[in-house]
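Enquirer: Questions regarding the structure given below will be posed in turn.
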Amino acid sequence: MALINCAGKATWPELLGAQGEVAEATVERENTGVDAVIVLEGSIVDAQFRCDRVRIWVDDSGIVTRVPQIG
């Protein structure tokens with residue numbers, strides 16, 4: 001399996017527990033090559049890895065529940 005190297009910052013552990021909208025804006029500001037997408041926990045998403053996407057997983061209160069990362 002080939003290792004994929006995406007440009008720019010790739011993970012945002014400091015956003016765990018933050019408001020989803022704040023996390024979305026932070027990710028897109030710190031890596032302009034990605035589109036941050038807020039996703040509600042339990043939602044079904046595709047398994048495709050993409051260097052231009054960061055999923056922001058949130059709970060029912062809009063709080064980030066997983067470390068945002070490229071993928």
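By convention in this document, the chains of the structure tokens carry letters A, B, ... by their order, each chain's residues are numbered from 1, and ligands are numbered from 1 in the order they are shown.
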For Lys9 (chain A), work out the shell of residues within 9 Å, counting only C-alpha atoms and skipping chain neighbours fewer than 6 positions away, then give it as a list in words.

Expert: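 That gives Val27, Glu30, Asn31, Gln69 and Ile70 of chain A.
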
Enquirer: Give me the residues near region 34-51 of chain A as a ChimeraX atom specification, where near means some atom within 6 Å (using only C-alpha atoms) and where sequence neighbours in that chain fewer than 5 positions away do not count.

Expert: /A:6,24,56-59,70-71

Enquirer: If you keep N, CA and C atoms, can you produce a file of those selected residues as a PDB file, in the first residue's frame?

Expert:
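What follows is the written file again-v2.pdb:
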```pdb
ATOM      1  N   CYS A   6      -0.120  14.340   1.964  1.00  0.00           N
ATOM      2  CA  CYS A   6      -0.940  15.505   1.636  1.00  0.00           C
ATOM      3  C   CYS A   6      -0.225  16.765   2.105  1.00  0.00           C
ATOM      4  N   GLU A  24     -14.315  24.071  12.009  1.00  0.00           N
ATOM      5  CA  GLU A  24     -14.385  24.159  10.549  1.00  0.00           C
ATOM      6  C   GLU A  24     -13.607  25.373  10.039  1.00  0.00           C
ATOM      7  N   ILE A  56     -15.245  17.081  10.213  1.00  0.00           N
ATOM      8  CA  ILE A  56     -15.355  17.568  11.584  1.00  0.00           C
ATOM      9  C   ILE A  56     -16.531  16.813  12.204  1.00  0.00           C
ATOM     10  N   TRP A  57     -16.234  15.774  12.967  1.00  0.00           N
ATOM     11  CA  TRP A  57     -17.275  14.959  13.598  1.00  0.00           C
ATOM     12  C   TRP A  57     -17.775  15.651  14.854  1.00  0.00           C
ATOM     13  N   VAL A  58     -19.095  15.844  14.944  1.00  0.00           N
ATOM     14  CA  VAL A  58     -19.690  16.533  16.089  1.00  0.00           C
ATOM     15  C   VAL A  58     -20.827  15.709  16.694  1.00  0.00           C
ATOM     16  N   ASP A  59     -21.117  15.994  17.971  1.00  0.00           N
ATOM     17  CA  ASP A  59     -22.255  15.369  18.634  1.00  0.00           C
ATOM     18  C   ASP A  59     -23.502  16.231  18.436  1.00  0.00           C
ATOM     19  N   ILE A  70      -7.038  15.120   7.890  1.00  0.00           N
ATOM     20  CA  ILE A  70      -7.224  14.978   6.445  1.00  0.00           C
ATOM     21  C   ILE A  70      -7.670  13.560   6.135  1.00  0.00           C
ATOM     22  N   GLY A  71      -8.541  13.442   5.196  1.00  0.00           N
ATOM     23  CA  GLY A  71      -9.014  12.122   4.783  1.00  0.00           C
ATOM     24  C   GLY A  71     -10.318  12.237   4.140  1.00  0.00           C
TER      25      GLY A  71
END
```

Enquirer: Between A:Glu21, A:Val54, A:Ala7, A:Thr32, which has the minimum distance to Val67 (chain A) (counting only C-alpha atoms)?

Expert: A:Val54

Enquirer: Which of chain A end up as helix (DSSP H, G or I) when DSSP is run on this backbone - answer as an MDAnalysis selection string?

Expert: chainID A and resid 13:15 20:30

Enquirer: Write out as a ChimeraX atom specification all residues of region 22-65 of chain A that DSSP puts in strand (DSSP E) for this structure's backbone.

Expert: /A:35-40,53-58

Enquirer: Measure the distance from CA of Val64 (chain A) to CA of Asn5 (chain A) in Å and round it to one decimal.

Expert: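 About the pair CA of Val64 (chain A) and CA of Asn5 (chain A): they are 24.8 Å apart.
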
Enquirer: Work out how far CA of Ala23 (chain A) is from CA of Thr11 (chain A), in Å to one decimal.

Expert: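 Interatomic distance here is 11.5 Å.
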